[in-house]
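A.B. asks: Below you'll find the structure I mean.
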Amino acid sequence: MRTLIKNGVVVNEGRAERASVVVDNDKISEIITASVPPRDIHFDKEVDATGCFVLPGVIDSHVHFREPGLTAKADIESESRAAAYGGVTSYFEMPNTVPQTTSEEALAAKLKLAREKSHVNYAFFIGATNDNVDMLCGIDPHVVPGVKLFMGSSTGNMLVDREAALRRIFSEIKLPVMAHCEDTAIINRNMEEAKRLHGDDPDVAFHPQIRSAEACYESTSLAVRLASQYGARLHVAHLTTARELELFGNDANITAEAVVAHLLFCDDDYKTHGTLIKCNPAIKTAADRDALRRALTDGRITTVSTDHAPHCLADKQGGCARAASGMPMVQFSLVAMLGLVDEGVLTLERVVELMCHNQARLFEVRDRGFLRPGYKADITIVRRGEPWTVTEECVQSKCGWSPLMGHEFAWRVEQTMCNGRVIYNGGSFDASSRGEQIMFR
């Protein structure tokens, strides 16, 4: 199958220009920058992208798809479908499922599930524990993006709180280490005090005081110190505070992620959204949100992802102690970031850097993340047009809700192509589509 995507504005590697993209089977074969492609080339299919922007498929390097073990909330089929609707063609999934992905056997089982069920491309982080450093050092670097490290606030045995284990992880593991940084002791003290003052389940408005800026900074600064000491490759997940940003920008091996929710919401939004926007680390002040937005363009934030983490609505009831933390975001992340383009926060070219190119560079993804000849044809076509509103009916995630319900967007995803195959097109979806395992390095 030879496909021509014509008449669109191609946004790729810092440039936006009118061009055509030629796709042969599952790969890009040519980018034609002339206004009219040569007439003697035969195409099996033509896609008219007039009025649209043609982007590399988004790589979301931080999602929780809940399978195995938590499939009442979400599963690989439903969440990869939501990803396709949102222009996301590849995802890296986190290890805190049941069982946790902290062994090679658990990783192999997840890869098997994804081969059978995932509509878009997939990879899985391997999780660190206090006791599995030897296994992590021997993991095949071609099949995982990196090691996920919970340096605080985790469940089960995934909290790595022994100094010896932390030092071994940062000194011996050569893969990127993606760290969740919150200081558990500080959080526990804050929760105890909040319960003393406000009862056993304090209102969600107290969430950013319990999972505080101090808790984030203390843990993030420790991770940065260890990475700097041992020359490790550290990527700190979901920064939430202006103070943490001071730790980044000086060392190419030490990078930071922002997630969409922390770029959209601030603590004032708990009044209207309540526990629907409860997540860990907590959404913090408007000043912190605005600092994160500025860092999107000055080099301190390297990637933007979602921390997509669905829960059943019943699990979101209660306050700081009882309501589950996390929200589904993968379907609307790209249009939300394009909304920030309209607000003047960043450029469209920078969105592509943060959501496509930098993920590919940082995690050394093979042949994806760019529109280049020889690369896989993972392509997203977007258009700015008539405003539309997020409703329950359009939500594809299995949990059936979104914190963005009622939000109006001007941008929409018109088409998602994964490995040269159109899997989403103007509201229609190819349920038979299956993604490929992402390879690295």
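Every chain in the structure tokens has a letter given in the order shown (A, B, ...), and although residue numbers restart at 1 in each chain, ligands are simply numbered from 1 in the order shown.
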Could you list, with a cut-off of 6 Å and counting only C-alpha atoms, the residues of segment 303-373 of chain A near segment 200-205 of chain A, each shown with its nearest atom pair and the distance in Å rounded to one decimal, rows sorted by chain and ascending number, as a Markdown table?

C.D. replies:
| residue | atom | partner | partner_atom | distance |
| --- | --- | --- | --- | --- |
| A:Gly319 | CA | A:Asp203 | CA | 4.7 |
| A:Cys320 | CA | A:Val204 | CA | 4.9 |
| A:Ala321 | CA | A:Asp201 | CA | 5.0 |

A.B. asks: What's the 8 Å shell around Leu245 of chain A, counting only C-alpha atoms, without same-chain residues fewer than 6 positions away, as number ranges by chain?

C.D. replies: A: 239, 292, 295, 300

A.B. asks: Create the file for the chosen residues now, containing N, CA, C and O atoms and written as a PDB file, in the first residue's frame.

C.D. replies:
ATOM      1  N   LEU A 239       6.895  16.656  37.488  1.00  0.00           N
ATOM      2  CA  LEU A 239       7.232  17.780  38.355  1.00  0.00           C
ATOM      3  C   LEU A 239       5.983  18.612  38.623  1.00  0.00           C
ATOM      4  O   LEU A 239       5.138  18.788  37.737  1.00  0.00           O
ATOM      5  N   LEU A 292       5.721  25.850  35.574  1.00  0.00           N
ATOM      6  CA  LEU A 292       5.856  24.674  34.716  1.00  0.00           C
ATOM      7  C   LEU A 292       5.622  25.047  33.258  1.00  0.00           C
ATOM      8  O   LEU A 292       6.334  24.576  32.364  1.00  0.00           O
ATOM      9  N   ALA A 295       8.627  26.656  31.870  1.00  0.00           N
ATOM     10  CA  ALA A 295       9.732  25.701  31.709  1.00  0.00           C
ATOM     11  C   ALA A 295       9.586  24.833  30.472  1.00  0.00           C
ATOM     12  O   ALA A 295      10.547  24.177  30.053  1.00  0.00           O
ATOM     13  N   ARG A 300      14.063  23.336  30.744  1.00  0.00           N
ATOM     14  CA  ARG A 300      14.039  22.616  32.017  1.00  0.00           C
ATOM     15  C   ARG A 300      13.065  21.444  31.996  1.00  0.00           C
ATOM     16  O   ARG A 300      13.264  20.469  32.726  1.00  0.00           O
TER      17      ARG A 300
END

A.B. asks: Which residue out of A:Glu163, A:Glu182, A:Glu116, A:Glu93 has the minimum interatomic distance to His62 of chain A when only C-alpha atoms are used?

C.D. replies: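 Once distances to His62 of chain A are computed over only C-alpha atoms, the minimum belongs to A:Glu93.
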
A.B. asks: Give me, as a list in words, all polymer residues having an atom no more than 10 Å from Glu436 of chain A, counting only C-alpha atoms and skipping those fewer than 3 positions away in the same chain.

C.D. replies: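 My list of contacting residues is Thr89, Ser90, Ala114, Arg115, Ser118, His119, Val120, Asn121, Tyr122, Ala123, Cys418, Asn419 and Met439 of chain A.
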
A.B. asks: Hey, can you spit out that residue selection with C-alpha atoms as a compact mmCIF listing (two decimals), in the first residue's frame?

C.D. replies:
# COMPACT_ATOMS: atom_id res chain seq x y z
CA THR A 89 0.52 6.07 18.54
CA SER A 90 2.93 4.75 21.19
CA ALA A 114 -0.18 -6.17 24.43
CA ARG A 115 0.52 -8.22 21.32
CA SER A 118 -3.06 -3.14 22.03
CA HIS A 119 -4.31 -1.00 19.15
CA VAL A 120 -1.17 1.16 19.16
CA ASN A 121 2.53 0.59 19.82
CA TYR A 122 3.59 -0.43 23.31
CA ALA A 123 6.47 -0.77 25.74
CA CYS A 418 -0.02 3.69 13.22
CA ASN A 419 2.62 1.72 11.29
CA MET A 439 12.30 -1.35 20.41

A.B. asks: How would you write, as a PDB file with C-alpha atoms, in the first residue's frame, the set of residues in segment 280-434 of chain A that DSSP gives as strand (DSSP E)?

C.D. replies:
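That gives us out.pdb:
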ATOM      1  CA  THR A 303       8.971  15.713  27.945  1.00  0.00           C
ATOM      2  CA  VAL A 304       5.224  16.120  28.356  1.00  0.00           C
ATOM      3  CA  SER A 305       3.157  13.015  29.049  1.00  0.00           C
ATOM      4  CA  ILE A 379       1.393  10.006  11.950  1.00  0.00           C
ATOM      5  CA  THR A 380      -1.267  12.219  13.519  1.00  0.00           C
ATOM      6  CA  ILE A 381      -3.290  14.769  11.562  1.00  0.00           C
ATOM      7  CA  VAL A 382      -4.928  17.591  13.537  1.00  0.00           C
ATOM      8  CA  ARG A 383      -7.127  20.526  12.611  1.00  0.00           C
ATOM      9  CA  ARG A 384      -8.192  23.719  14.335  1.00  0.00           C
ATOM     10  CA  GLY A 385     -11.825  24.477  13.623  1.00  0.00           C
ATOM     11  CA  GLU A 386     -15.255  24.669  15.186  1.00  0.00           C
ATOM     12  CA  PRO A 387     -15.185  24.292  18.972  1.00  0.00           C
ATOM     13  CA  TRP A 388     -16.423  21.044  20.468  1.00  0.00           C
ATOM     14  CA  THR A 389     -17.097  19.938  24.037  1.00  0.00           C
ATOM     15  CA  GLU A 408     -14.370  23.130  25.080  1.00  0.00           C
ATOM     16  CA  PHE A 409     -11.559  22.531  22.592  1.00  0.00           C
ATOM     17  CA  ALA A 410     -10.930  24.200  19.253  1.00  0.00           C
ATOM     18  CA  TRP A 411      -8.511  21.506  18.054  1.00  0.00           C
ATOM     19  CA  ARG A 412      -9.447  17.968  17.100  1.00  0.00           C
ATOM     20  CA  VAL A 413      -7.594  14.867  15.959  1.00  0.00           C
ATOM     21  CA  GLU A 414      -8.719  14.113  12.406  1.00  0.00           C
ATOM     22  CA  GLN A 415      -6.705  10.984  11.737  1.00  0.00           C
ATOM     23  CA  THR A 416      -4.268   8.646  13.479  1.00  0.00           C
ATOM     24  CA  MET A 417      -2.000   6.399  11.433  1.00  0.00           C
ATOM     25  CA  CYS A 418      -0.020   3.686  13.218  1.00  0.00           C
ATOM     26  CA  ARG A 421      -2.403   1.902   8.859  1.00  0.00           C
ATOM     27  CA  VAL A 422      -5.178   4.423   9.526  1.00  0.00           C
ATOM     28  CA  ILE A 423      -6.713   3.310  12.808  1.00  0.00           C
ATOM     29  CA  TYR A 424      -8.741   6.419  13.657  1.00  0.00           C
ATOM     30  CA  ASN A 425     -10.419   8.615  11.051  1.00  0.00           C
ATOM     31  CA  SER A 428     -14.451   5.935  12.985  1.00  0.00           C
ATOM     32  CA  PHE A 429     -12.106   3.391  14.520  1.00  0.00           C
TER      33      PHE A 429
END

A.B. asks: Quick one: residues within 12 Å of Leu166 of chain A, only C-alpha atoms counted, chain neighbours fewer than 5 positions away excluded, as number ranges by chain?

C.D. replies: A: 128-133, 149-152, 159-161, 171-173, 177, 179, 222-227, 230, 232

A.B. asks: Could you please take those selected residues and save N, CA and C atoms as a PDB file, in the first residue's frame?

C.D. replies:
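Now in out-v5.pdb:
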ATOM      1  N   ALA A 128      11.657  -1.051  39.815  1.00  0.00           N
ATOM      2  CA  ALA A 128      12.692  -1.300  40.818  1.00  0.00           C
ATOM      3  C   ALA A 128      12.059  -1.618  42.168  1.00  0.00           C
ATOM      4  N   THR A 129      12.722  -2.493  42.914  1.00  0.00           N
ATOM      5  CA  THR A 129      12.384  -2.739  44.312  1.00  0.00           C
ATOM      6  C   THR A 129      13.673  -2.668  45.118  1.00  0.00           C
ATOM      7  N   ASN A 130      13.538  -2.823  46.411  1.00  0.00           N
ATOM      8  CA  ASN A 130      14.745  -2.869  47.244  1.00  0.00           C
ATOM      9  C   ASN A 130      15.608  -4.090  46.963  1.00  0.00           C
ATOM     10  N   ASP A 131      15.044  -5.097  46.279  1.00  0.00           N
ATOM     11  CA  ASP A 131      15.726  -6.391  46.203  1.00  0.00           C
ATOM     12  C   ASP A 131      15.994  -6.914  44.787  1.00  0.00           C
ATOM     13  N   ASN A 132      15.671  -6.147  43.739  1.00  0.00           N
ATOM     14  CA  ASN A 132      15.804  -6.733  42.396  1.00  0.00           C
ATOM     15  C   ASN A 132      16.842  -6.036  41.524  1.00  0.00           C
ATOM     16  N   VAL A 133      17.817  -5.388  42.134  1.00  0.00           N
ATOM     17  CA  VAL A 133      18.797  -4.626  41.355  1.00  0.00           C
ATOM     18  C   VAL A 133      19.611  -5.541  40.443  1.00  0.00           C
ATOM     19  N   LEU A 149      11.350   3.938  39.157  1.00  0.00           N
ATOM     20  CA  LEU A 149      11.777   3.952  40.549  1.00  0.00           C
ATOM     21  C   LEU A 149      10.798   4.799  41.365  1.00  0.00           C
ATOM     22  N   PHE A 150      10.160   4.179  42.349  1.00  0.00           N
ATOM     23  CA  PHE A 150       9.318   4.917  43.283  1.00  0.00           C
ATOM     24  C   PHE A 150      10.164   5.248  44.508  1.00  0.00           C
ATOM     25  N   MET A 151      10.573   6.521  44.617  1.00  0.00           N
ATOM     26  CA  MET A 151      11.402   6.950  45.740  1.00  0.00           C
ATOM     27  C   MET A 151      10.542   7.432  46.906  1.00  0.00           C
ATOM     28  N   GLY A 152       9.284   7.167  46.841  1.00  0.00           N
ATOM     29  CA  GLY A 152       8.381   7.535  47.921  1.00  0.00           C
ATOM     30  C   GLY A 152       6.969   7.292  47.484  1.00  0.00           C
ATOM     31  N   LEU A 159       8.174   0.607  46.826  1.00  0.00           N
ATOM     32  CA  LEU A 159       8.841   1.731  47.450  1.00  0.00           C
ATOM     33  C   LEU A 159      10.296   1.346  47.705  1.00  0.00           C
ATOM     34  N   VAL A 160      11.206   2.075  47.089  1.00  0.00           N
ATOM     35  CA  VAL A 160      12.633   1.827  47.303  1.00  0.00           C
ATOM     36  C   VAL A 160      13.125   2.863  48.306  1.00  0.00           C
ATOM     37  N   ASP A 161      13.293   2.429  49.546  1.00  0.00           N
ATOM     38  CA  ASP A 161      13.624   3.352  50.626  1.00  0.00           C
ATOM     39  C   ASP A 161      14.915   2.987  51.350  1.00  0.00           C
ATOM     40  N   SER A 171      24.122   3.814  40.629  1.00  0.00           N
ATOM     41  CA  SER A 171      25.519   3.584  40.241  1.00  0.00           C
ATOM     42  C   SER A 171      25.686   2.466  39.228  1.00  0.00           C
ATOM     43  N   GLU A 172      24.754   1.482  39.214  1.00  0.00           N
ATOM     44  CA  GLU A 172      24.964   0.292  38.393  1.00  0.00           C
ATOM     45  C   GLU A 172      24.063   0.203  37.172  1.00  0.00           C
ATOM     46  N   ILE A 173      22.884   0.779  37.225  1.00  0.00           N
ATOM     47  CA  ILE A 173      21.945   0.647  36.105  1.00  0.00           C
ATOM     48  C   ILE A 173      22.279   1.675  35.028  1.00  0.00           C
ATOM     49  N   VAL A 177      16.570   5.946  34.366  1.00  0.00           N
ATOM     50  CA  VAL A 177      15.789   5.710  35.576  1.00  0.00           C
ATOM     51  C   VAL A 177      14.727   6.800  35.654  1.00  0.00           C
ATOM     52  N   ALA A 179      11.906   8.390  37.842  1.00  0.00           N
ATOM     53  CA  ALA A 179      11.650   8.372  39.275  1.00  0.00           C
ATOM     54  C   ALA A 179      10.400   9.160  39.645  1.00  0.00           C
ATOM     55  N   LEU A 222      17.114  14.730  46.304  1.00  0.00           N
ATOM     56  CA  LEU A 222      17.904  13.535  46.609  1.00  0.00           C
ATOM     57  C   LEU A 222      18.187  12.748  45.332  1.00  0.00           C
ATOM     58  N   ALA A 223      17.175  12.563  44.498  1.00  0.00           N
ATOM     59  CA  ALA A 223      17.379  11.834  43.245  1.00  0.00           C
ATOM     60  C   ALA A 223      18.409  12.527  42.368  1.00  0.00           C
ATOM     61  N   VAL A 224      18.318  13.836  42.279  1.00  0.00           N
ATOM     62  CA  VAL A 224      19.262  14.585  41.449  1.00  0.00           C
ATOM     63  C   VAL A 224      20.675  14.476  42.007  1.00  0.00           C
ATOM     64  N   ARG A 225      20.816  14.547  43.331  1.00  0.00           N
ATOM     65  CA  ARG A 225      22.147  14.420  43.935  1.00  0.00           C
ATOM     66  C   ARG A 225      22.746  13.052  43.637  1.00  0.00           C
ATOM     67  N   LEU A 226      21.963  11.993  43.797  1.00  0.00           N
ATOM     68  CA  LEU A 226      22.481  10.647  43.541  1.00  0.00           C
ATOM     69  C   LEU A 226      22.838  10.457  42.072  1.00  0.00           C
ATOM     70  N   ALA A 227      21.990  10.938  41.186  1.00  0.00           N
ATOM     71  CA  ALA A 227      22.268  10.804  39.753  1.00  0.00           C
ATOM     72  C   ALA A 227      23.520  11.571  39.375  1.00  0.00           C
ATOM     73  N   TYR A 230      26.701   9.702  40.650  1.00  0.00           N
ATOM     74  CA  TYR A 230      27.065   8.459  39.971  1.00  0.00           C
ATOM     75  C   TYR A 230      27.004   8.549  38.451  1.00  0.00           C
ATOM     76  N   ALA A 232      24.339   8.886  36.585  1.00  0.00           N
ATOM     77  CA  ALA A 232      23.204   8.120  36.097  1.00  0.00           C
ATOM     78  C   ALA A 232      22.333   8.951  35.165  1.00  0.00           C
TER      79      ALA A 232
END
